[in-house]
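One structure is given below, encoded as structure tokens.
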Amino acid sequence: MISAERIPNNVDLHLNKRLQRALEHWQPKYIQWWHDMGPQGFQHYHQVYVRTAISVDAAGWAHFEYVRLPEYRWGIFLADRVENRTIGFGDLFGQPVWQEVPGEFRNQLRRLVVTQGDTEPASVEQQRWLGHRCPSLYDMRNLFQVNVEEGRHLWAMVYLLHSYFGRDGRDEAEELLERQSGNRDKPRILDAFNEPIETWLDFFMFTMFTDRDGKSQLLSLSESSLDPLSRTTRFMLTEEAHHMFVGETGVARIIDRTAQLMKETGLAEDVRKLGGIDLPMIQKFINLWFSLSLDLHGNEISTNAAAYFANGLKGRAEEDKWDEHRVIEELYKLETVRDGAVVPTEVPMRNAMNEVLRDWYVGDCQAGVDRWNKILERHGLSDRLRLPDRKFNRGIGQFTGLRFDPNGRMLSDEEWTRRKHEWLPAAADREYLLAIMNAPVYEAGVFANYIAPPTRGIKGRPVNFEYVRTEA
């Protein structure tokens, strides 16, 4: 069970007074960051029906109640220790996992923790104005649930930095509150977390695609030989599942409503005339957020990824499903560009670990898009949504600076400039979305015209439940 201390935890924080004091010193700075950069306009006079972790027991780990957001019980929760756990991959395969950070891997592990930690407050900052454009109280509640859990995931990484990385870790924890999404002077580490999220279509795509990258990264870190990192990320995955649910079902409900409006217009007219979001627009946002999220996996060929795997720091998603865990002689075939042409190339699989993880990610995304297409099929529509080719709109890796269409065909710079807004959102697209989202919906059980209601509410509550209520 989680303790009821000032900082809720299941790591016996009270037994380490030095660590406890350090985290209690960091806590007010975190709360100040939350007030400054968290959901704007909904922190002081609103009660939100959210879940809060009270244990790490899979059978009943969460408690649901109304909470003012700044009073949410953020804390430090690690999954239960697996007795006699051994290293599951790399050169040290089969040896006991580590309870402390080996000196020779200190910098590499700190880099992994800091990069993961930096994404958590970044997404809260990106989304802080969305409450003023919400399509329903149900959706606003889901936004705030995602926000508070991203804040808790920041706490998870800060605990590791303070506990295992000494002064360097404490300094890095301070920096996590000083960088800011989109800030010109001190931006967030990864580019996708500096993109503005101004519309709810962006938010749903972000939680569908970018949070799914978060899932793939957490799966790989949950294999880590550093047992506290593994245990931390295993519990984070429990919370992360809801974030992807919000994204996938949010887009699904927009698609459902779009299909209804297409039927009303006889399938021929533009659903924008009825205030809906047309399928070409939805496809553009798939193209944008999927390609941005692909970049988060890093370069296709990476000596850093090879070292992380060899040293047991970061494994493959679902490592147990692989037959060979040392991966010494295996090769991996991927696409590279040579002399202006895309050609298949074989590289040592360890050097392609980013691409191996990207394979898992693409497959998981495709399953979600397939579910979206079943909605169109149920409505009797022949239209289908799709993921763009991996080479499309890439800013990191082998295809940086090269131009491809969503089918993977190489383009000249001139053709890309002329046609890119056929595939990616243009300013006019965003202006339209902001126009139809300009009036927020704050009445329980009422939904904006462009999105269908969910099939069920939260934790057995009805769809028309007052998920966010204003204090008298």
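FYI, nothing fancy with the structure tokens labels: chains A, B, ... in order, residues from 1 per chain, ligands from 1 as they appear.
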For range 355-367 of chain A: contacts at 10 Å, only C-alpha atoms, fewer than 5 positions along chain excluded, given as a VMD selection string: chain A and resid 208 to 209 212 to 217 219 to 220 248 290 293 to 302 305 315 to 318 332 to 334 349 to 350 372 to 373 386 to 387 390
Close residues, Asp405 in chain A itself excluded, 8 Å, only C-alpha atoms, min 6 positions apart in chain, as an NGL selection string: :A and (389 or 392 or 411 or 416 or 423)
Residues of range 15-164 of chain A in strand (DSSP E or B) according to DSSP, as a ChimeraX atom specification? /A:46-53,62-67,76,86,96,98
Quick one: write out the picked residues with C-alpha atoms as a short mmCIF file (atom, residue, chain, number, x, y, z; two decimals), in the first residue's frame?
```cif
data_model
loop_
_atom_site.label_atom_id
_atom_site.label_comp_id
_atom_site.auth_asym_id
_atom_site.auth_seq_id
_atom_site.Cartn_x
_atom_site.Cartn_y
_atom_site.Cartn_z
CA HIS A 46 -12.88 23.22 -9.94
CA GLN A 47 -13.23 19.71 -8.56
CA VAL A 48 -12.20 16.97 -11.00
CA TYR A 49 -13.26 13.32 -10.77
CA VAL A 50 -9.85 11.66 -11.07
CA ARG A 51 -8.18 8.42 -10.07
CA THR A 52 -5.26 8.41 -7.66
CA ALA A 53 -2.88 5.51 -7.05
CA ALA A 62 -6.62 3.25 -7.95
CA HIS A 63 -9.08 5.34 -5.98
CA PHE A 64 -11.60 7.65 -7.69
CA GLU A 65 -12.82 10.90 -6.12
CA TYR A 66 -13.25 14.63 -6.70
CA VAL A 67 -9.97 16.50 -6.26
CA ILE A 76 6.53 7.58 -5.80
CA THR A 86 18.22 -11.70 -13.60
CA PRO A 96 21.60 -10.71 -11.09
CA TRP A 98 21.41 -4.23 -10.05
#
```
For Leu78 in chain A, the nearest of the candidates A:Gly117, A:Gly94, A:Pro228, A:Gly103, counting only C-alpha atoms: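 The answer is A:Pro228, which sits nearest to Leu78 in chain A.
Residue nearest Val251 in chain A, chosen from A:Glu24, A:Asp202, A:Glu443, A:Glu83 and counting only C-alpha atoms: A:Asp202.
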Kindly give the distance, in Å, that separates CA of Phe404 in chain A and CA of Lys391 in chain A, rounded to a single decimal.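 We find that CA of Phe404 in chain A and CA of Lys391 in chain A lie 6.3 Å from each other.
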All residues 12 Å or closer to Lys29 in chain A, only C-alpha atoms, same chain fewer than 3 positions away omitted, as a ChimeraX atom specification: /A:22-26,32-37,173-178
What would the file look like if the residues just selected were written as a PDB file, in the first residue's frame with N, CA, C and O atoms?
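Written out: out34.pdb:
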```
ATOM      1  N   ALA A  22      15.410  16.043   0.735  1.00  0.00           N
ATOM      2  CA  ALA A  22      15.719  16.543  -0.612  1.00  0.00           C
ATOM      3  C   ALA A  22      14.455  16.605  -1.474  1.00  0.00           C
ATOM      4  O   ALA A  22      14.213  17.591  -2.186  1.00  0.00           O
ATOM      5  N   LEU A  23      13.631  15.559  -1.405  1.00  0.00           N
ATOM      6  CA  LEU A  23      12.405  15.536  -2.207  1.00  0.00           C
ATOM      7  C   LEU A  23      11.371  16.524  -1.666  1.00  0.00           C
ATOM      8  O   LEU A  23      10.616  17.128  -2.442  1.00  0.00           O
ATOM      9  N   GLU A  24      11.323  16.698  -0.353  1.00  0.00           N
ATOM     10  CA  GLU A  24      10.401  17.686   0.218  1.00  0.00           C
ATOM     11  C   GLU A  24      10.845  19.103  -0.134  1.00  0.00           C
ATOM     12  O   GLU A  24      10.020  20.016  -0.201  1.00  0.00           O
ATOM     13  N   HIS A  25      12.139  19.293  -0.366  1.00  0.00           N
ATOM     14  CA  HIS A  25      12.642  20.589  -0.835  1.00  0.00           C
ATOM     15  C   HIS A  25      12.254  20.814  -2.291  1.00  0.00           C
ATOM     16  O   HIS A  25      11.968  21.947  -2.708  1.00  0.00           O
ATOM     17  N   TRP A  26      12.226  19.743  -3.088  1.00  0.00           N
ATOM     18  CA  TRP A  26      11.862  19.834  -4.507  1.00  0.00           C
ATOM     19  C   TRP A  26      10.357  20.009  -4.671  1.00  0.00           C
ATOM     20  O   TRP A  26       9.902  20.654  -5.614  1.00  0.00           O
ATOM     21  N   GLN A  32       4.742  24.847  -7.605  1.00  0.00           N
ATOM     22  CA  GLN A  32       4.770  26.150  -8.266  1.00  0.00           C
ATOM     23  C   GLN A  32       4.777  25.989  -9.774  1.00  0.00           C
ATOM     24  O   GLN A  32       4.082  26.719 -10.503  1.00  0.00           O
ATOM     25  N   TRP A  33       5.564  25.002 -10.268  1.00  0.00           N
ATOM     26  CA  TRP A  33       5.550  24.719 -11.715  1.00  0.00           C
ATOM     27  C   TRP A  33       4.148  24.325 -12.154  1.00  0.00           C
ATOM     28  O   TRP A  33       3.657  24.773 -13.193  1.00  0.00           O
ATOM     29  N   TRP A  34       3.471  23.491 -11.368  1.00  0.00           N
ATOM     30  CA  TRP A  34       2.125  23.039 -11.724  1.00  0.00           C
ATOM     31  C   TRP A  34       1.175  24.229 -11.830  1.00  0.00           C
ATOM     32  O   TRP A  34       0.381  24.311 -12.760  1.00  0.00           O
ATOM     33  N   HIS A  35       1.252  25.141 -10.873  1.00  0.00           N
ATOM     34  CA  HIS A  35       0.391  26.331 -10.929  1.00  0.00           C
ATOM     35  C   HIS A  35       0.706  27.172 -12.167  1.00  0.00           C
ATOM     36  O   HIS A  35      -0.206  27.679 -12.834  1.00  0.00           O
ATOM     37  N   ASP A  36       1.986  27.317 -12.478  1.00  0.00           N
ATOM     38  CA  ASP A  36       2.395  28.184 -13.589  1.00  0.00           C
ATOM     39  C   ASP A  36       2.169  27.553 -14.952  1.00  0.00           C
ATOM     40  O   ASP A  36       1.788  28.242 -15.907  1.00  0.00           O
ATOM     41  N   MET A  37       2.406  26.255 -15.070  1.00  0.00           N
ATOM     42  CA  MET A  37       2.453  25.600 -16.374  1.00  0.00           C
ATOM     43  C   MET A  37       1.443  24.476 -16.545  1.00  0.00           C
ATOM     44  O   MET A  37       1.352  23.879 -17.606  1.00  0.00           O
ATOM     45  N   ALA A 173      17.231  17.090 -11.740  1.00  0.00           N
ATOM     46  CA  ALA A 173      15.842  17.218 -11.301  1.00  0.00           C
ATOM     47  C   ALA A 173      15.398  18.678 -11.308  1.00  0.00           C
ATOM     48  O   ALA A 173      14.254  18.993 -11.670  1.00  0.00           O
ATOM     49  N   GLU A 174      16.292  19.575 -10.909  1.00  0.00           N
ATOM     50  CA  GLU A 174      15.976  20.998 -10.966  1.00  0.00           C
ATOM     51  C   GLU A 174      15.756  21.450 -12.406  1.00  0.00           C
ATOM     52  O   GLU A 174      14.841  22.220 -12.707  1.00  0.00           O
ATOM     53  N   GLU A 175      16.612  20.965 -13.297  1.00  0.00           N
ATOM     54  CA  GLU A 175      16.520  21.347 -14.715  1.00  0.00           C
ATOM     55  C   GLU A 175      15.201  20.907 -15.334  1.00  0.00           C
ATOM     56  O   GLU A 175      14.681  21.560 -16.241  1.00  0.00           O
ATOM     57  N   LEU A 176      14.638  19.808 -14.851  1.00  0.00           N
ATOM     58  CA  LEU A 176      13.382  19.317 -15.413  1.00  0.00           C
ATOM     59  C   LEU A 176      12.250  20.323 -15.241  1.00  0.00           C
ATOM     60  O   LEU A 176      11.288  20.318 -16.014  1.00  0.00           O
ATOM     61  N   LEU A 177      12.353  21.177 -14.231  1.00  0.00           N
ATOM     62  CA  LEU A 177      11.339  22.206 -14.011  1.00  0.00           C
ATOM     63  C   LEU A 177      11.703  23.534 -14.663  1.00  0.00           C
ATOM     64  O   LEU A 177      10.878  24.452 -14.697  1.00  0.00           O
ATOM     65  N   GLU A 178      12.915  23.641 -15.170  1.00  0.00           N
ATOM     66  CA  GLU A 178      13.373  24.903 -15.754  1.00  0.00           C
ATOM     67  C   GLU A 178      13.220  24.945 -17.272  1.00  0.00           C
ATOM     68  O   GLU A 178      12.995  26.010 -17.848  1.00  0.00           O
TER      69      GLU A 178
END
```
Neighbour list for His132 in chain A as a VMD selection string, cut-off 10 Å, only C-alpha atoms, skip fewer than 3 positions in-chain: chain A and resid 39 to 42 128 to 129 135 140 437 to 442
Step one, run DSSP on the backbone; step two, keep only residues of range 235-404 of chain A assigned to alpha helix (DSSP H); then write them as a PyMOL selection string. chain A and resi 235-264+279-295+303-310+353-378
Need to verify the contact set: Glu329 in chain A, 12 Å, only C-alpha atoms, exclusion of same-chain residues closer than 5 positions in sequence. Can you return it as a list in words? Glu324, Glu346, Val347, Pro348, Met349, Arg350 and Asn351 of chain A
Go through A:Gly75, A:Gly90, A:Gly131, A:Pro453 one by one, measure the shortest atom-to-atom distance of each to Gln43 in chain A using only C-alpha atoms, and give the residue with the smallest value. A:Gly131
Spatial neighbours of Leu229 in chain A, 10 Å, only C-alpha atoms, chain gap at least 5 places, as a ChimeraX atom specification: /A:78,98-99,109,113,156-157,160,218,221-224,234,313
Near Arg430 in chain A, within 10 Å and counting only C-alpha atoms, which residues show up once chain neighbours fewer than 2 positions away are dropped, as a VMD selection string? chain A and resid 198 to 199 201 to 202 281 425 to 428 432 to 435
Just the number, please: distance in Å from CA of Val343 in chain A to CA of Lys321 in chain A, one decimal.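 Spanning CA of Val343 in chain A to CA of Lys321 in chain A is a straight-line distance of 29.1 Å.
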Using only C-alpha atoms, the best pick from A:Ser412, A:Ile189, A:Pro344, A:Asn354 as closest to Phe309 in chain A would be A:Asn354
At what distance in Å, to one decimal, does CA of Ser163 in chain A lie from CA of Ile7 in chain A?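 Between CA of Ile7 in chain A and CA of Ser163 in chain A the gap is 14.6 Å.
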